[in-house]
file upload.tsv (TSV, C-alpha atoms)
chain	number	residue	atom	x	y	z
A	26	MET	CA	-11.70	3.12	-19.84
A	27	GLU	CA	-11.70	-0.39	-21.28
A	28	THR	CA	-10.79	0.68	-24.83
A	29	ARG	CA	-7.03	0.69	-24.37
A	30	TYR	CA	-7.19	-2.81	-22.82
A	31	ARG	CA	-9.52	-4.34	-25.42
A	32	PRO	CA	-7.06	-6.84	-26.99
A	33	ILE	CA	-5.86	-7.95	-23.53
A	34	LEU	CA	-9.40	-8.29	-22.21
A	35	GLU	CA	-10.40	-10.49	-25.15
A	36	SER	CA	-7.43	-12.78	-24.55
A	37	LEU	CA	-8.22	-13.10	-20.83
A	38	VAL	CA	-11.92	-13.91	-21.04
A	39	PRO	CA	-12.77	-17.38	-22.41
A	40	PRO	CA	-16.16	-17.92	-24.12
A	41	ASP	CA	-17.67	-19.32	-20.90
A	42	PRO	CA	-15.31	-18.22	-18.10
A	43	MET	CA	-17.48	-19.45	-15.21
A	44	SER	CA	-17.99	-22.98	-16.50
A	45	GLN	CA	-14.51	-24.17	-15.61
A	46	PHE	CA	-15.07	-23.27	-11.94
A	47	HIS	CA	-18.61	-24.70	-11.63
A	48	LEU	CA	-19.78	-21.77	-9.55
A	49	LYS	CA	-23.44	-21.75	-8.57
A	50	ARG	CA	-24.57	-18.16	-8.61
A	51	GLY	CA	-27.76	-16.29	-9.30
A	52	SER	CA	-28.18	-13.44	-11.76
A	53	PRO	CA	-26.23	-10.17	-11.37
A	54	GLU	CA	-29.37	-8.60	-9.94
A	55	GLU	CA	-29.68	-11.36	-7.34
A	56	GLU	CA	-25.99	-11.26	-6.42
A	57	PHE	CA	-25.49	-7.47	-6.22
A	58	PRO	CA	-24.20	-6.60	-2.70
A	59	ASP	CA	-26.03	-4.41	-0.22
A	60	LEU	CA	-24.07	-1.15	-0.20
A	61	CYS	CA	-26.49	1.12	1.65
A	62	ARG	CA	-24.15	1.45	4.67
A	63	ASN	CA	-20.87	1.12	2.82
A	64	THR	CA	-18.71	4.27	3.08
A	65	THR	CA	-15.71	2.99	1.12
A	66	TRP	CA	-14.84	4.10	-2.40
A	67	MET	CA	-16.07	0.73	-3.62
A	68	GLY	CA	-19.47	1.42	-2.04
A	69	ARG	CA	-19.64	4.84	-3.66
A	70	ILE	CA	-18.56	3.78	-7.14
A	71	LEU	CA	-20.03	0.32	-7.74
A	72	THR	CA	-23.36	0.38	-9.58
A	73	PRO	CA	-25.62	-2.47	-10.73
A	74	ALA	CA	-24.66	-1.73	-14.35
A	75	MET	CA	-20.93	-1.88	-13.56
A	76	TYR	CA	-21.42	-5.07	-11.55
A	77	ARG	CA	-23.30	-6.65	-14.44
A	78	ARG	CA	-20.45	-5.86	-16.88
A	79	GLN	CA	-17.86	-7.56	-14.65
A	80	PHE	CA	-20.06	-10.41	-13.44
A	81	ASN	CA	-19.02	-13.19	-15.86
A	82	ARG	CA	-15.33	-12.34	-16.04
A	83	CYS	CA	-12.51	-14.15	-14.31
A	84	THR	CA	-8.75	-13.96	-14.58
A	85	GLN	CA	-6.58	-16.87	-15.65
A	86	SER	CA	-5.88	-17.68	-11.99
A	87	GLY	CA	-9.59	-17.78	-11.17
A	88	VAL	CA	-10.24	-14.35	-9.64
A	89	ILE	CA	-13.83	-13.27	-10.20
A	90	PHE	CA	-15.31	-9.85	-9.51
A	91	ASP	CA	-16.87	-10.95	-6.22
A	92	ASP	CA	-13.34	-11.77	-5.01
A	93	VAL	CA	-12.41	-8.14	-5.67
A	94	ILE	CA	-15.26	-6.22	-4.04
A	95	ARG	CA	-15.41	-6.61	-0.27
A	96	PRO	CA	-18.55	-5.11	1.31
A	97	GLY	CA	-17.75	-4.17	4.90
A	98	LEU	CA	-14.00	-4.03	4.23
A	99	GLU	CA	-12.93	-0.96	6.19
A	100	GLU	CA	-9.22	-0.38	6.61
A	101	PRO	CA	-8.21	0.04	10.28
A	102	GLY	CA	-7.03	3.25	11.88
A	103	ASP	CA	-8.82	5.77	9.66
A	104	TRP	CA	-8.80	9.21	11.31
A	105	SER	CA	-8.57	12.56	9.57
A	106	GLY	CA	-7.97	10.61	6.37
A	107	PRO	CA	-9.72	9.53	3.19
A	108	ALA	CA	-12.31	6.82	2.77
A	109	SER	CA	-10.76	3.36	2.43
A	110	VAL	CA	-10.83	1.70	-0.99
A	111	GLY	CA	-12.97	-1.24	0.14
A	112	CYS	CA	-11.59	-3.68	-2.42
A	113	VAL	CA	-8.56	-5.82	-3.21
A	114	ALA	CA	-7.00	-7.33	-6.33
A	115	GLY	CA	-6.48	-11.08	-6.36
A	116	ASP	CA	-3.78	-10.91	-9.02
A	117	ALA	CA	-2.18	-8.42	-11.40
A	118	GLN	CA	-4.62	-9.30	-14.19
A	119	SER	CA	-7.46	-8.04	-12.02
A	120	TYR	CA	-6.36	-4.47	-12.71
A	121	ILE	CA	-6.75	-5.10	-16.45
A	122	LEU	CA	-9.80	-7.34	-16.55
A	123	PHE	CA	-11.78	-5.17	-14.11
A	124	CYS	CA	-10.25	-1.86	-15.22
A	125	ASP	CA	-13.69	-0.27	-15.58
A	126	PHE	CA	-13.96	-0.57	-11.80
A	127	PHE	CA	-10.36	-0.32	-10.61
A	128	ASP	CA	-9.48	2.77	-12.66
A	129	ARG	CA	-12.30	4.69	-11.03
A	130	ILE	CA	-11.32	3.50	-7.55
A	131	ILE	CA	-7.70	4.57	-8.16
A	132	GLU	CA	-8.67	7.95	-9.60
A	133	SER	CA	-11.01	8.70	-6.69
A	134	TYR	CA	-8.65	7.61	-3.93
A	135	HIS	CA	-5.45	9.15	-5.33
A	136	GLU	CA	-7.13	12.15	-7.00
A	137	HIS	CA	-5.17	11.53	-10.19
A	138	LYS	CA	-6.40	10.48	-13.63
A	139	VAL	CA	-5.38	7.11	-15.06
A	140	THR	CA	-4.02	7.75	-18.57
A	141	SER	CA	-1.90	5.95	-21.14
A	142	LEU	CA	1.17	7.79	-19.86
A	143	THR	CA	3.71	5.89	-17.76
A	144	PRO	CA	3.73	7.19	-14.14
A	145	GLU	CA	6.68	9.34	-13.15
A	146	SER	CA	9.43	7.71	-11.06
A	147	ASP	CA	12.33	9.27	-9.16
A	148	PHE	CA	14.59	7.32	-6.78
A	149	ASN	CA	17.26	10.02	-6.63
A	150	TYR	CA	17.23	10.55	-2.86
A	151	ASP	CA	19.45	13.63	-3.19
A	152	ASN	CA	16.43	15.42	-4.68
A	153	LEU	CA	14.60	15.29	-1.33
A	154	LYS	CA	14.96	18.63	0.46
A	155	GLY	CA	14.72	19.22	4.20
A	156	GLY	CA	14.14	15.60	5.19
A	157	ASP	CA	16.99	15.79	7.70
A	158	ALA	CA	15.94	19.11	9.20
A	159	LEU	CA	12.65	18.38	10.98
A	160	ASP	CA	12.35	19.77	14.52
A	161	LYS	CA	13.22	16.77	16.71
A	162	SER	CA	11.26	18.21	19.64
A	163	TYR	CA	8.15	17.32	17.65
A	164	ALA	CA	9.24	14.76	15.01
A	165	VAL	CA	10.44	11.89	17.20
A	166	ARG	CA	10.47	8.97	14.76
A	167	CYS	CA	9.89	8.14	11.10
A	168	GLU	CA	9.37	5.16	8.81
A	169	VAL	CA	9.56	4.93	5.04
A	170	SER	CA	8.06	1.79	3.56
A	171	VAL	CA	7.45	0.39	0.09
A	172	VAL	CA	5.49	-2.64	-1.13
A	173	ARG	CA	6.04	-4.78	-4.20
A	174	GLY	CA	4.28	-7.66	-5.92
A	175	VAL	CA	6.22	-10.43	-7.67
A	176	GLU	CA	5.47	-11.39	-11.28
A	177	ASP	CA	3.79	-14.77	-11.97
A	178	PHE	CA	2.20	-15.06	-8.52
A	179	CYS	CA	-1.26	-14.21	-7.21
A	180	PHE	CA	-1.42	-11.59	-4.49
A	181	PRO	CA	-1.64	-12.78	-0.84
A	182	THR	CA	-5.42	-12.29	-0.88
A	183	HIS	CA	-5.75	-15.10	-3.46
A	184	CYS	CA	-2.51	-17.11	-3.58
A	185	SER	CA	-2.19	-20.79	-2.74
A	186	ARG	CA	0.04	-22.40	-0.11
A	187	GLY	CA	2.41	-23.55	-2.86
A	188	GLU	CA	2.71	-20.05	-4.31
A	189	ARG	CA	3.36	-18.59	-0.88
A	190	ARG	CA	6.13	-21.11	-0.24
A	191	GLN	CA	7.70	-20.38	-3.64
A	192	LEU	CA	7.61	-16.67	-2.82
A	193	LEU	CA	9.41	-17.35	0.46
A	194	MET	CA	12.06	-19.36	-1.41
A	195	LEU	CA	12.61	-16.46	-3.84
A	196	ALA	CA	12.79	-13.96	-0.98
A	197	ARG	CA	15.33	-16.13	0.82
A	198	LYS	CA	17.58	-16.17	-2.28
A	199	ALA	CA	17.24	-12.42	-2.91
A	200	LEU	CA	17.86	-11.51	0.73
A	201	GLN	CA	20.94	-13.73	0.86
A	202	ARG	CA	22.32	-11.59	-1.96
A	203	LEU	CA	21.43	-8.44	-0.05
A	204	GLU	CA	23.27	-9.77	3.02
A	205	GLU	CA	26.51	-9.75	1.04
A	206	GLU	CA	26.44	-5.95	1.34
A	207	ARG	CA	24.15	-5.43	4.34
A	208	PRO	CA	24.31	-8.05	7.12
A	209	GLY	CA	21.01	-9.32	8.46
A	210	ARG	CA	19.03	-12.43	9.31
A	211	LEU	CA	15.83	-14.05	8.08
A	212	LEU	CA	13.36	-15.11	10.77
A	213	LEU	CA	10.56	-17.55	9.98
A	214	LEU	CA	7.31	-16.69	11.76
A	215	GLU	CA	6.36	-20.37	12.08
A	216	LYS	CA	8.72	-20.88	15.03
A	217	PRO	CA	9.63	-17.50	16.54
A	218	ASN	CA	11.24	-17.52	19.98
A	219	GLU	CA	10.28	-15.11	22.77
A	220	GLU	CA	13.18	-12.77	21.97
A	221	GLN	CA	12.10	-12.47	18.34
A	222	CYS	CA	8.46	-11.88	19.30
A	223	GLY	CA	9.48	-9.03	21.59
A	224	GLU	CA	11.95	-7.56	19.11
A	225	LEU	CA	9.53	-7.51	16.17
A	226	THR	CA	6.25	-6.93	18.04
A	227	LEU	CA	4.78	-10.03	16.42
A	228	ASN	CA	1.02	-10.18	16.89
A	229	PRO	CA	-1.53	-12.72	15.66
A	230	PRO	CA	-3.42	-11.77	12.47
A	231	SER	CA	-5.93	-8.97	12.94
A	232	SER	CA	-9.61	-9.33	12.10
A	233	TRP	CA	-8.98	-7.05	9.13
A	234	GLN	CA	-6.23	-9.35	7.79
A	235	LEU	CA	-8.52	-12.33	8.27
A	236	ARG	CA	-11.34	-10.61	6.35
A	237	ILE	CA	-9.23	-9.81	3.30
A	238	GLY	CA	-7.77	-13.32	3.20
A	239	VAL	CA	-4.06	-12.60	3.68
A	240	ALA	CA	-3.91	-14.57	6.94
A	241	ARG	CA	-4.90	-17.94	5.49
A	242	ASP	CA	-2.69	-20.80	6.78
A	243	TRP	CA	-0.98	-18.41	9.20
A	244	PRO	CA	1.98	-18.44	9.82
A	245	ASP	CA	2.98	-20.86	7.04
A	246	ALA	CA	5.69	-19.38	4.75
A	247	ARG	CA	5.68	-15.99	6.48
A	248	ALA	CA	9.00	-14.43	7.38
A	249	VAL	CA	10.76	-11.21	8.26
A	250	TRP	CA	14.32	-10.18	7.44
A	251	VAL	CA	16.01	-7.76	9.86
A	252	SER	CA	19.23	-5.88	9.18
A	253	GLN	CA	22.00	-6.14	11.76
A	254	ASP	CA	21.44	-2.58	12.99
A	255	GLY	CA	17.65	-3.08	13.03
A	256	SER	CA	16.93	-0.05	10.84
A	257	LEU	CA	15.76	-2.04	7.79
A	258	VAL	CA	13.09	-4.74	7.87
A	259	VAL	CA	11.65	-6.78	4.99
A	260	TRP	CA	8.30	-8.48	5.59
A	261	VAL	CA	7.57	-11.50	3.38
A	262	ASN	CA	4.05	-12.80	2.62
A	263	ILE	CA	2.30	-10.73	5.28
A	264	GLU	CA	-0.11	-8.33	3.53
A	265	ASP	CA	1.98	-8.13	0.36
A	266	HIS	CA	4.60	-10.27	-1.35
A	267	ILE	CA	7.32	-8.08	0.16
A	268	ARG	CA	7.34	-4.87	2.17
A	269	LEU	CA	10.52	-2.94	3.00
A	270	VAL	CA	10.46	-0.68	6.05
A	271	SER	CA	13.27	1.70	6.97
A	272	THR	CA	13.11	3.31	10.42
A	273	GLN	CA	14.92	6.25	11.99
A	274	ASP	CA	14.40	6.96	15.68
A	275	ASP	CA	15.47	10.58	15.28
A	276	GLY	CA	12.89	11.48	12.61
A	277	ASN	CA	15.48	11.73	9.83
A	278	VAL	CA	13.26	11.14	6.78
A	279	ALA	CA	16.14	11.75	4.39
A	280	GLU	CA	18.15	8.85	5.81
A	281	ALA	CA	15.17	6.47	5.90
A	282	PHE	CA	14.20	7.38	2.33
A	283	LYS	CA	17.80	6.89	1.12
A	284	SER	CA	17.89	3.41	2.66
A	285	ILE	CA	14.65	2.44	0.91
A	286	CYS	CA	15.81	3.74	-2.46
A	287	ILE	CA	19.15	1.89	-2.33
A	288	ASN	CA	17.93	-1.44	-0.97
A	289	LEU	CA	14.73	-1.59	-3.01
A	290	GLN	CA	16.65	-1.15	-6.25
A	291	LYS	CA	19.08	-3.88	-5.21
A	292	LEU	CA	16.24	-6.30	-4.46
A	293	GLU	CA	14.57	-5.35	-7.73
A	294	GLU	CA	17.75	-6.37	-9.58
A	295	PHE	CA	18.02	-9.66	-7.64
A	296	TYR	CA	14.41	-10.62	-8.35
A	297	ARG	CA	14.88	-9.81	-12.03
A	298	GLU	CA	17.91	-12.12	-12.13
A	299	LEU	CA	15.70	-14.81	-10.57
A	300	ARG	CA	13.32	-14.27	-13.53
A	301	HIS	CA	10.51	-13.02	-11.31
A	302	PRO	CA	10.60	-9.22	-11.56
A	303	PHE	CA	8.35	-6.93	-9.57
A	304	ILE	CA	4.93	-6.32	-11.15
A	305	TRP	CA	4.74	-3.18	-13.25
A	306	LYS	CA	1.81	-1.96	-15.38
A	307	GLN	CA	2.38	0.82	-17.88
A	308	GLN	CA	-0.64	2.94	-16.90
A	309	LEU	CA	-0.47	2.27	-13.16
A	310	GLY	CA	3.19	1.77	-12.25
A	311	TRP	CA	3.93	-0.77	-9.50
A	312	VAL	CA	0.86	-2.75	-8.44
A	313	THR	CA	0.06	-4.87	-5.39
A	314	SER	CA	-3.16	-6.22	-3.89
A	315	SER	CA	-4.46	-2.84	-2.70
A	316	PRO	CA	-5.45	-0.05	-5.12
A	317	ALA	CA	-4.41	2.33	-2.32
A	318	ASP	CA	-0.76	1.39	-2.99
A	319	VAL	CA	-0.54	1.43	-6.80
A	320	GLY	CA	1.94	3.70	-8.55
A	321	THR	CA	4.88	3.81	-6.15
A	322	GLY	CA	3.76	1.70	-3.19
A	323	LEU	CA	5.61	4.25	-1.03
A	324	ARG	CA	4.53	5.45	2.42
A	325	THR	CA	6.36	8.00	4.55
A	326	ASN	CA	5.27	8.04	8.20
A	327	VAL	CA	6.44	10.70	10.64
A	328	TYR	CA	5.47	10.45	14.32
A	329	LEU	CA	4.72	13.87	15.79
A	330	LYS	CA	4.23	15.06	19.35
A	331	LEU	CA	1.20	17.36	19.21
A	332	GLN	CA	-1.08	18.68	21.95
A	333	HIS	CA	-3.02	21.61	20.48
A	334	LEU	CA	-3.35	21.08	16.73
A	335	PRO	CA	-5.28	17.76	16.85
A	336	MET	CA	-8.22	19.57	18.50
A	337	HIS	CA	-8.27	22.51	16.08
A	338	ARG	CA	-11.41	22.89	13.99
A	339	ARG	CA	-9.45	23.54	10.77
A	340	LEU	CA	-7.21	20.49	10.96
A	341	PRO	CA	-9.29	18.21	8.66
A	342	ALA	CA	-9.28	20.86	5.92
A	343	VAL	CA	-5.54	21.45	6.36
A	344	LEU	CA	-4.78	17.74	6.02
A	345	LYS	CA	-6.93	17.43	2.91
A	346	ARG	CA	-5.18	20.38	1.28
A	347	LEU	CA	-1.76	18.98	2.12
A	348	ARG	CA	-2.82	15.50	0.83
A	349	ILE	CA	-1.63	13.87	4.05
A	350	ARG	CA	-3.43	12.03	6.84
A	351	MET	CA	-2.96	11.95	10.59
A	352	ASP	CA	-3.71	8.82	12.64
A	353	LYS	CA	-3.88	8.37	16.38
A	354	THR	CA	-1.40	6.10	18.13
A	355	GLU	CA	-1.44	4.44	21.54
A	356	SER	CA	-0.02	7.65	23.05
A	357	PRO	CA	-2.56	10.49	23.46
A	358	VAL	CA	-0.01	13.08	22.31
A	359	LEU	CA	1.69	11.12	19.51
A	360	TYR	CA	0.27	11.10	15.96
A	361	CYS	CA	1.38	9.40	12.76
A	362	VAL	CA	1.43	11.65	9.69
A	363	SER	CA	1.68	10.04	6.26
A	364	ASN	CA	0.95	10.60	2.57
A	365	VAL	CA	-2.50	9.76	1.19
A	366	PRO	CA	-1.65	9.21	-2.50
A	367	THR	CA	0.94	6.83	-3.89
A	368	PHE	CA	-0.09	7.32	-7.53
A	369	GLY	CA	0.50	10.33	-9.78
A	370	ILE	CA	3.54	11.61	-7.85
A	371	SER	CA	7.11	10.32	-7.93
A	372	GLU	CA	8.81	8.64	-4.97
A	373	VAL	CA	10.78	11.78	-4.15
A	374	GLY	CA	7.65	13.87	-4.61
A	375	LEU	CA	5.71	11.79	-2.10
A	376	ALA	CA	8.45	11.97	0.53
A	377	GLN	CA	8.67	15.73	-0.08
A	378	LEU	CA	4.89	16.00	0.33
A	379	VAL	CA	5.13	14.56	3.85
A	380	VAL	CA	8.26	16.52	4.82
A	381	ASP	CA	6.69	19.82	3.78
A	382	GLY	CA	3.40	18.91	5.43
A	383	VAL	CA	5.06	17.95	8.70
A	384	LYS	CA	7.02	21.21	8.77
A	385	LEU	CA	3.79	23.16	8.39
A	386	LEU	CA	2.01	21.14	11.09
A	387	ILE	CA	4.90	21.83	13.48
A	388	THR	CA	4.71	25.54	12.64
A	389	MET	CA	0.97	25.50	13.41
A	390	GLU	CA	1.53	23.66	16.71
A	391	LYS	CA	4.10	26.25	17.77
A	392	ARG	CA	1.71	29.10	16.95
A	393	LEU	CA	-1.04	27.50	18.99
A	394	GLU	CA	1.37	26.95	21.90
A	395	SER	CA	2.07	30.69	21.97
A	396	GLY	CA	-1.62	31.61	21.81
A	397	ARG	CA	-1.67	32.65	18.15
A	398	ASP	CA	-4.08	31.46	15.47
A	399	ILE	CA	-3.13	29.42	12.39
A	400	ASP	CA	-5.46	31.04	9.83
A	401	GLU	CA	-2.73	32.96	8.05
A	402	VAL	CA	-0.58	29.84	7.50
A	403	VAL	CA	-3.38	27.54	6.28
A	404	PRO	CA	-2.25	26.37	2.80
A	405	ALA	CA	-4.09	26.43	-0.49
A	406	GLN	CA	-5.21	23.13	-2.00
A	407	LYS	CA	-2.23	21.20	-3.46
call {"tool": "encode", "arguments": {"input": "upload.tsv", "output": "structure tokens"}}
result
Amino acid sequence: METRYRPILESLVPPDPMSQFHLKRGSPEEEFPDLCRNTTWMGRILTPAMYRRQFNRCTQSGVIFDDVIRPGLEEPGDWSGPASVGCVAGDAQSYILFCDFFDRIIESYHEHKVTSLTPESDFNYDNLKGGDALDKSYAVRCEVSVVRGVEDFCFPTHCSRGERRQLLMLARKALQRLEEERPGRLLLLEKPNEEQCGELTLNPPSSWQLRIGVARDWPDARAVWVSQDGSLVVWVNIEDHIRLVSTQDDGNVAEAFKSICINLQKLEEFYRELRHPFIWKQQLGWVTSSPADVGTGLRTNVYLKLQHLPMHRRLPAVLKRLRIRMDKTESPVLYCVSNVPTFGISEVGLAQLVVDGVKLLITMEKRLESGRDIDEVVPAQK
């Protein structure tokens, strides 16, 4: 896998990359992590030989391989879903320098081969079919979100205070441009009032955020932009450089997806004019700190009211075949359905994956309500 990156790898790795950081470490054999209880993709894929190959490498911003692998890093909320990736990238160069490792993580998680071909992209929201026709008795709410990393900055897992503050300054300028067409306001998390805390459900950093390093110096240089109608939110310097979230309380995926497509492309243009475009890699597409988000960075979440299907013995197999996951929420009858992959399928394709999957889950729930079985509607593997 390293062949296509050979010239880049040679330019990134100095003759003695560790000497400039004065790190006191043992041999690769002494430093290899204990993975016997690790159920993440990192734990399944990392071998002593692979660890040895990456051991003396570091990116130009100082990310070493031990910054990437995170034993014990389990993503929260896993239920009826895939294993978590168990690793993070400190910067965009990590995906190139440690490609022997990251390519295999990405291929395993997304079930799609990393090749020299540029990933497919499609922001034509008119190509999404049926996103406005979900049964509202079951689909009560939806969110479409997308994450982006900004060129020339480390990811939040590795960035400095100065970088984070520069990223906030860039976001402020870009969002001011967006406000010319879509009114909104930028709220700094350093001094939120009670009204803002209630409106945005602002919570202190979770233990998971603390473990991966994105909550360092909290809440310095963290912010959230909220549109006037409240349907579009942009998070700045939380888990990613920026995350756009479009919400529809009536489960209209088509409308939420359209909002993301339009506003993301506007912000992309504004950041490019500021000479800090979003990070794009030819073989991977858009990249951020998590390998689980490479490619498109797009997530479509639909909240479903279900009483019978969650207890059905065939549900895990159905979800795997549909390439979607279903997570519990605080309500015992409300579940969040979302796409597993973000890589290897276009933006429209991913939204369509969830829409079609949700329609089938609703059909199954209705059959179970009427005392019928679901065997004849169980899909083949996608």
call {"tool": "atom_distance", "arguments": {"input": "upload.tsv", "atom1": "atom CA of A:Thr272", "atom2": "atom CA of A:Ile131"}}
result
27.9 Å
call {"tool": "atom_distance", "arguments": {"input": "upload.tsv", "atom1": "atom CA of A:Ser356", "atom2": "atom CA of A:Thr388"}}
result
21.2 Å
call {"tool": "residues_around", "arguments": {"input": "upload.tsv", "residues": "A:Ser162", "least_positions_apart": "3", "cutoff": "12 Å", "atoms": "all atoms listed in the file", "output": "VMD selection string"}}
result
chain A and resid 158 to 159 165 to 166 275 to 276 328 to 331 359 387 390 to 391
call {"tool": "atom_distance", "arguments": {"input": "upload.tsv", "atom1": "atom CA of A:Cys112", "atom2": "atom CA of A:Met67"}}
result
6.4 Å
call {"tool": "closest_residue", "arguments": {"input": "upload.tsv", "among": "A:Ala108, A:Ala281, A:Leu269, A:Ile263", "to": "A:Ala240", "atoms": "all atoms listed in the file"}}
result
A:Ile263
call {"tool": "closest_residue", "arguments": {"input": "upload.tsv", "among": "A:Asp116, A:Glu204, A:Glu136, A:Glu145", "to": "A:Asp177", "atoms": "all atoms listed in the file"}}
result
A:Asp116
call {"tool": "axis_aligned_box", "arguments": {"input": "upload.tsv", "around": "stretch 329-335 of chain A", "padding_each_side": "6 Å", "output": "JSON"}}
result
{"center_x": -0.3, "center_y": 17.7, "center_z": 18.9, "size_x": 22.0, "size_y": 19.7, "size_z": 18.2}
call {"tool": "residues_around", "arguments": {"input": "upload.tsv", "residues": "A:Glu168", "least_positions_apart": "6", "cutoff": "12 Å", "atoms": "all atoms listed in the file", "output": "VMD selection string"}}
result
chain A and resid 256 to 258 269 to 285 323 to 328 361 to 364 376 379
call {"tool": "residues_around", "arguments": {"input": "upload.tsv", "residues": "A:Leu375", "least_positions_apart": "4", "cutoff": "12 Å", "atoms": "all atoms listed in the file", "output": "ChimeraX atom specification"}}
result
/A:135,145-148,150,152-154,156,169-171,278,282,320-326,347-349,363-371,379-382
call {"tool": "closest_residue", "arguments": {"input": "upload.tsv", "among": "A:His266, A:Trp260, A:Leu289, A:Asp160", "to": "A:Leu203", "atoms": "all atoms listed in the file"}}
result
A:Leu289
call {"tool": "closest_residue", "arguments": {"input": "upload.tsv", "among": "A:Val172, A:Leu71, A:Ile399, A:Leu211", "to": "A:Arg338", "atoms": "all atoms listed in the file"}}
result
A:Ile399
call {"tool": "closest_residue", "arguments": {"input": "upload.tsv", "among": "A:Pro230, A:Gly155, A:Pro335, A:Gly111", "to": "A:Lys353", "atoms": "all atoms listed in the file"}}
result
A:Pro335
call {"tool": "closest_residue", "arguments": {"input": "upload.tsv", "among": "A:Arg350, A:Lys291, A:Leu340, A:Val175", "to": "A:Val403", "atoms": "all atoms listed in the file"}}
result
A:Leu340
